[in-house]
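Undergrad: Quick one: the structure is below, questions incoming.
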Amino acid sequence: MRYGFTTGSCAAAAAKAAAYMLLTGKKKAEITIETPKGIAYEARLLDIRCGENEVSCAVEKDGGDDPDITTGAWIYAKVSYLSGMKHEVRKEAEIIIEGGKGVGRVTRPGLDQQVGSAAINHVPREMIKKEVMEICRTADYRGSLQVEISVPEGEELCKHTFNPRLGIVGGISILGTSGIVEPMSSQALLDTIQVELRQRRALGFDYVAVSPGNYGLDYMRKVYGYDLDRSVKCSNFIGATIDMAVELGFQKMLLTGHIGKLIKVAGGIMNTHSKEADCRMELLAAFSIKEQMDSLQAEKILECATTEEAIPILVESGKLQQVMDRIAERVCYYMENRAAGKMQIDCILYANEFGELAKSKGAEAWFTLLGQEQEQ
């Protein structure tokens, strides 16, 4: 599959090209930068606008074969002399990086940039500075330059990203640690989970409610009145989320999830993606037999395609509650084992058609805790 280039790479390429045209007075149609991954990026320049004291141009974001919402967006860089500093001589040039239209602004602590700053992460900032400084040295320029990054479509694109949830307003973020977009990369999801956990910890919380997906978050909101924006979506990465939470110093975690996901955790599976493991019915049948279910009914469970389909069999057997309580107990056992005893963990299991199936002994106390937070 074809890799692409991050918004950070696009911003750095546009900034380098604009700086070159400003300092040399020569136009350029293409520019090459080296990404932190060591892969060269040859970018075609668009919408070049040259003035006496500033030059701007754009690079079109190419996400490769990754389904990235920002693919096709034009990332602009405007490089200009700072007022009164065009001829000020320093040992080396000074590069000031700012965000313009369509680049988000940070409003909550715990993110890569401080509150009030443009949402241009530190690696893209380093890339921009490196590329612009290279041009300054070539042109023997040691004054001050301002680089403004903008994305005209950014405010609209932002609505389809995690930014509103993270407290980044007004546009998208300029991101990328390697400069490369790897198709279907799970690293992007892990990075998002870590950002959300770090942000919550920075706000002073030592407890966190997590769920594998939107259904779990919506369930918490509807049943327990806990706003999904205060929760962390961990996708299939249960174990990795626990590792990050422990590292950040969280003391307590509540996992709320559909039985189809959490039954895997009850078997010690910490990545619940189907390509990693799919033994839902085997585990459910094993737990049922453990609670003395008739073997013929257990065989029916094994023939089911989904856990939702199997629940009526458990209801008919009269073993539903015992089985679900046992599963909740094992979910907590394996999660606390992953946390090496450094975090208290509770869980709530539900099904779409049957609602709450079981909760761990400590889950009840969470309702008070989450309710108090909701009122703040």
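By convention here, the chains of the structure tokens are called A, B, ... in the order presented, each chain's residues are numbered starting at 1, and ligands are numbered starting at 1 in the order presented.
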If we count only C-alpha atoms and set the cut-off at 7 Å, which residues sit around Gly171 in chain A, ignoring sequence neighbours fewer than 2 positions away in its own chain? Please answer as a PyMOL selection string.

TA: chain A and resi 102-104+154-155+158+169+173

Undergrad: Could you pull the residues within 8 Å of Thr24 in chain A, counting only C-alpha atoms, minus those fewer than 3 positions along the same chain, as a list of chain:residue names?

TA: A:Tyr20, A:Met21, A:Ala139

Undergrad: For the residues selected in the previous step, produce a file with N, CA and C atoms as a PDB file, in the first residue's frame.

TA:
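part.pdb written:
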```pdb
ATOM      1  N   TYR A  20      12.410  30.289   0.451  1.00  0.00           N
ATOM      2  CA  TYR A  20      13.327  30.343  -0.688  1.00  0.00           C
ATOM      3  C   TYR A  20      12.933  31.463  -1.644  1.00  0.00           C
ATOM      4  N   MET A  21      11.665  31.540  -1.993  1.00  0.00           N
ATOM      5  CA  MET A  21      11.210  32.557  -2.948  1.00  0.00           C
ATOM      6  C   MET A  21      11.316  33.961  -2.370  1.00  0.00           C
ATOM      7  N   ALA A 139      21.093  31.451   1.870  1.00  0.00           N
ATOM      8  CA  ALA A 139      20.961  32.843   1.412  1.00  0.00           C
ATOM      9  C   ALA A 139      21.742  33.819   2.296  1.00  0.00           C
TER      10      ALA A 139
END
```

Undergrad: Excluding Lys264 in chain A and its own-chain neighbours fewer than 3 positions away, which residues fall within 10 Å of it when counting only C-alpha atoms? Please give them as a short mmCIF file (atom, residue, chain, number, x, y, z; two decimals) with N, CA and C atoms, in the first residue's frame.

TA:
```
data_model
loop_
_atom_site.label_atom_id
_atom_site.label_comp_id
_atom_site.auth_asym_id
_atom_site.auth_seq_id
_atom_site.Cartn_x
_atom_site.Cartn_y
_atom_site.Cartn_z
N ILE A 259 -20.62 -7.02 25.57
CA ILE A 259 -20.17 -8.36 25.91
C ILE A 259 -19.33 -8.98 24.79
N GLY A 260 -19.62 -8.61 23.55
CA GLY A 260 -18.87 -9.16 22.42
C GLY A 260 -17.39 -8.80 22.45
N LYS A 261 -17.06 -7.64 23.03
CA LYS A 261 -15.66 -7.24 23.18
C LYS A 261 -15.09 -7.77 24.49
N GLY A 267 -10.94 -13.68 28.78
CA GLY A 267 -10.03 -14.77 28.45
C GLY A 267 -8.58 -14.35 28.42
N GLY A 268 -8.32 -13.12 28.87
CA GLY A 268 -6.94 -12.62 28.92
C GLY A 268 -6.46 -12.00 27.64
N ILE A 269 -7.36 -11.75 26.69
CA ILE A 269 -6.99 -11.15 25.40
C ILE A 269 -7.02 -9.63 25.53
N MET A 270 -5.89 -8.99 25.31
CA MET A 270 -5.77 -7.56 25.57
C MET A 270 -5.85 -6.70 24.31
N ASN A 271 -5.86 -7.31 23.14
CA ASN A 271 -6.18 -6.61 21.89
C ASN A 271 -7.37 -7.35 21.31
N THR A 272 -8.53 -6.70 21.31
CA THR A 272 -9.78 -7.41 20.98
C THR A 272 -10.14 -7.38 19.50
N HIS A 273 -9.22 -6.92 18.64
CA HIS A 273 -9.51 -6.93 17.21
C HIS A 273 -9.66 -8.37 16.73
N SER A 274 -10.60 -8.60 15.83
CA SER A 274 -10.89 -9.96 15.37
C SER A 274 -9.68 -10.62 14.70
N ALA A 277 -7.69 -12.14 17.72
CA ALA A 277 -8.32 -13.29 18.37
C ALA A 277 -9.83 -13.17 18.24
N ASP A 278 -10.48 -14.28 17.96
CA ASP A 278 -11.93 -14.28 17.93
C ASP A 278 -12.43 -15.62 18.48
N CYS A 279 -12.52 -15.69 19.79
CA CYS A 279 -12.98 -16.92 20.47
C CYS A 279 -14.14 -16.58 21.39
N ARG A 280 -14.97 -15.66 20.93
CA ARG A 280 -16.08 -15.19 21.76
C ARG A 280 -17.00 -16.32 22.21
N MET A 281 -17.45 -17.13 21.25
CA MET A 281 -18.42 -18.17 21.57
C MET A 281 -17.79 -19.29 22.40
N GLU A 282 -16.52 -19.59 22.11
CA GLU A 282 -15.82 -20.61 22.90
C GLU A 282 -15.70 -20.18 24.36
N LEU A 283 -15.34 -18.92 24.57
CA LEU A 283 -15.21 -18.41 25.93
C LEU A 283 -16.57 -18.37 26.64
N LEU A 284 -17.57 -17.89 25.92
CA LEU A 284 -18.91 -17.81 26.52
C LEU A 284 -19.42 -19.20 26.89
N ILE A 327 -17.94 -13.57 34.25
CA ILE A 327 -17.18 -12.91 33.19
C ILE A 327 -16.66 -11.56 33.67
N VAL A 331 -12.80 -10.35 33.76
CA VAL A 331 -12.37 -9.14 33.06
C VAL A 331 -11.49 -8.30 33.99
#
```

Undergrad: For Ala13 in chain A, which of A:Glu134, A:Glu247, A:Asp140, A:Glu92 is the closest residue, counting only C-alpha atoms?

TA: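 Checking each candidate against Ala13 in chain A, we get A:Glu134 as the closest.
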
Undergrad: List every residue of range 329-362 of chain A that has an atom at most 8 Å from any atom of range 250-254 of chain A, giving for each one its closest atom pair and the distance in Å to one decimal, counting only C-alpha atoms, sorted by chain and then by ascending residue number, as a tab-separated table.

TA:
```
residue	atom	partner	partner_atom	distance
A:Lys342	CA	A:Gln251	CA	7.1
A:Met343	CA	A:Gln251	CA	4.8
A:Gln344	CA	A:Lys252	CA	4.7
A:Ile345	CA	A:Met253	CA	4.8
A:Asp346	CA	A:Leu254	CA	4.8
A:Cys347	CA	A:Leu254	CA	5.4
A:Ile348	CA	A:Leu254	CA	7.7
```

Undergrad: Those same residues, written as a compact mmCIF listing (two decimals), in the first residue's frame with C-alpha atoms?

TA:
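Generated output (again-v1.txt):
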```txt
# COMPACT_ATOMS: atom_id res chain seq x y z
CA LYS A 342 -0.97 -0.47 40.34
CA MET A 343 -4.54 0.48 39.45
CA GLN A 344 -8.00 -0.44 40.74
CA ILE A 345 -10.12 -1.55 37.78
CA ASP A 346 -13.87 -2.09 37.49
CA CYS A 347 -16.09 -3.01 34.57
CA ILE A 348 -19.66 -2.88 33.28
```

Undergrad: Need the shell around Ser288 in chain A: protein/DNA/RNA residues with any atom at most 10 Å away, counting only C-alpha atoms. Skip same-chain ones fewer than 5 positions apart. Format as JSON, numbers by chain?

TA: {"A": [282, 283, 293, 294, 295, 297, 298, 301, 314, 317, 319, 320, 322, 323, 324, 326, 327]}

Undergrad: Using only N, CA and C atoms, please write the residues we just selected to a file, as an mmCIF file, in the first residue's frame.

TA:
```cif
data_model
loop_
_atom_site.group_PDB
_atom_site.id
_atom_site.type_symbol
_atom_site.label_atom_id
_atom_site.label_comp_id
_atom_site.auth_asym_id
_atom_site.auth_seq_id
_atom_site.Cartn_x
_atom_site.Cartn_y
_atom_site.Cartn_z
ATOM 1 N N GLU A 282 -16.521 -19.590 22.110
ATOM 2 C CA GLU A 282 -15.823 -20.611 22.903
ATOM 3 C C GLU A 282 -15.701 -20.181 24.363
ATOM 4 N N LEU A 283 -15.337 -18.918 24.570
ATOM 5 C CA LEU A 283 -15.210 -18.415 25.935
ATOM 6 C C LEU A 283 -16.565 -18.368 26.637
ATOM 7 N N MET A 293 -24.093 -25.147 33.251
ATOM 8 C CA MET A 293 -25.079 -25.163 32.167
ATOM 9 C C MET A 293 -25.098 -26.538 31.508
ATOM 10 N N ASP A 294 -26.277 -26.936 31.043
ATOM 11 C CA ASP A 294 -26.443 -28.189 30.320
ATOM 12 C C ASP A 294 -25.554 -28.185 29.074
ATOM 13 N N SER A 295 -24.920 -29.301 28.790
ATOM 14 C CA SER A 295 -23.972 -29.375 27.671
ATOM 15 C C SER A 295 -24.642 -29.131 26.325
ATOM 16 N N GLN A 297 -27.122 -27.075 25.753
ATOM 17 C CA GLN A 297 -27.287 -25.619 25.633
ATOM 18 C C GLN A 297 -25.942 -24.954 25.344
ATOM 19 N N ALA A 298 -24.879 -25.455 25.940
ATOM 20 C CA ALA A 298 -23.541 -24.928 25.665
ATOM 21 C C ALA A 298 -23.177 -25.128 24.194
ATOM 22 N N ILE A 301 -24.716 -22.476 22.146
ATOM 23 C CA ILE A 301 -23.942 -21.221 22.228
ATOM 24 C C ILE A 301 -22.801 -21.252 21.215
ATOM 25 N N LEU A 314 -28.804 -18.300 27.363
ATOM 26 C CA LEU A 314 -28.423 -18.156 28.772
ATOM 27 C C LEU A 314 -29.644 -17.813 29.626
ATOM 28 N N SER A 317 -31.687 -20.884 30.146
ATOM 29 C CA SER A 317 -31.053 -21.833 31.067
ATOM 30 C C SER A 317 -31.141 -21.392 32.520
ATOM 31 N N LYS A 319 -29.111 -19.262 33.760
ATOM 32 C CA LYS A 319 -27.720 -19.070 34.200
ATOM 33 C C LYS A 319 -27.151 -17.699 33.800
ATOM 34 N N LEU A 320 -27.972 -16.837 33.207
ATOM 35 C CA LEU A 320 -27.441 -15.584 32.668
ATOM 36 C C LEU A 320 -26.651 -14.797 33.702
ATOM 37 N N GLN A 322 -25.355 -15.572 36.684
ATOM 38 C CA GLN A 322 -24.143 -16.220 37.206
ATOM 39 C C GLN A 322 -23.001 -16.156 36.195
ATOM 40 N N VAL A 323 -23.335 -16.428 34.927
ATOM 41 C CA VAL A 323 -22.301 -16.426 33.883
ATOM 42 C C VAL A 323 -21.730 -15.028 33.698
ATOM 43 N N MET A 324 -22.601 -14.024 33.635
ATOM 44 C CA MET A 324 -22.127 -12.657 33.411
ATOM 45 C C MET A 324 -21.330 -12.128 34.595
ATOM 46 N N ARG A 326 -19.515 -13.935 36.543
ATOM 47 C CA ARG A 326 -18.218 -14.611 36.455
ATOM 48 C C ARG A 326 -17.340 -13.941 35.396
ATOM 49 N N ILE A 327 -17.935 -13.575 34.255
ATOM 50 C CA ILE A 327 -17.182 -12.907 33.189
ATOM 51 C C ILE A 327 -16.656 -11.559 33.669
#
```

Undergrad: Neighbouring residues of Thr7 in chain A were defined as those with any atom within 9 Å, considering only C-alpha atoms; residues of the same chain fewer than 5 positions away were excluded. Please report them as a CSV table (one decimal) with N, CA and C atoms, in the first residue's frame.

TA:
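After the write, selection_22.csv holds the following:
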```csv
chain,number,residue,atom,x,y,z
A,12,ALA,N,6.0,22.0,6.3
A,12,ALA,CA,7.4,22.2,6.3
A,12,ALA,C,7.9,22.5,4.8
A,61,LYS,N,-2.2,18.1,0.6
A,61,LYS,CA,-2.0,16.9,1.4
A,61,LYS,C,-2.3,15.6,0.7
A,62,ASP,N,-1.4,14.7,0.7
A,62,ASP,CA,-1.6,13.4,0.1
A,62,ASP,C,-1.4,12.4,1.2
A,63,GLY,N,-2.5,11.7,1.6
A,63,GLY,CA,-2.5,10.8,2.7
A,63,GLY,C,-2.1,9.4,2.2
A,70,THR,N,-7.9,14.7,6.0
A,70,THR,CA,-7.2,15.8,5.5
A,70,THR,C,-6.6,15.7,4.1
A,75,ILE,N,-2.4,22.9,2.3
A,75,ILE,CA,-1.7,23.4,3.5
A,75,ILE,C,-0.8,24.6,3.1
A,124,PRO,N,6.4,18.8,13.8
A,124,PRO,CA,6.2,19.7,12.7
A,124,PRO,C,6.9,21.1,12.9
A,173,SER,N,-5.2,20.2,13.4
A,173,SER,CA,-3.9,20.2,14.0
A,173,SER,C,-2.9,19.9,12.9
A,174,ILE,N,-1.7,20.5,13.0
A,174,ILE,CA,-0.6,20.1,12.1
A,174,ILE,C,0.2,19.1,12.9
A,175,LEU,N,0.2,17.9,12.3
A,175,LEU,CA,0.7,16.7,13.1
A,175,LEU,C,1.8,15.9,12.4
A,176,GLY,N,2.3,14.9,13.0
A,176,GLY,CA,3.2,14.0,12.4
A,176,GLY,C,4.5,13.9,13.2
A,179,GLY,N,6.6,12.2,9.8
A,179,GLY,CA,6.5,12.9,8.5
A,179,GLY,C,5.8,12.0,7.5
```

Undergrad: List every residue of range 153-183 of chain A that DSSP, applied to the backbone of this structure, assigns to helix (DSSP H, G or I), and report them as a PDB file with C-alpha atoms, in the first residue's frame.

TA:
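File out-v3.pdb, as written:
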```pdb
ATOM      1  CA  GLY A 154      -9.461  23.519   8.332  1.00  0.00           C
ATOM      2  CA  GLU A 155     -12.435  24.800  10.290  1.00  0.00           C
ATOM      3  CA  GLU A 156     -14.823  22.517   8.409  1.00  0.00           C
ATOM      4  CA  LEU A 157     -12.442  19.524   8.457  1.00  0.00           C
ATOM      5  CA  CYS A 158     -12.014  19.957  12.199  1.00  0.00           C
ATOM      6  CA  ASN A 163     -10.078  18.150  17.880  1.00  0.00           C
ATOM      7  CA  PRO A 164     -13.398  19.429  19.308  1.00  0.00           C
ATOM      8  CA  ARG A 165     -13.295  16.603  21.850  1.00  0.00           C
ATOM      9  CA  LEU A 166      -9.709  17.515  22.814  1.00  0.00           C
TER      10      LEU A 166
END
```

Undergrad: Skip Cys50 in chain A itself and residues of its chain fewer than 6 positions away, then list as a count of residues only all residues within 9 Å of it, counting only C-alpha atoms.

TA: 7
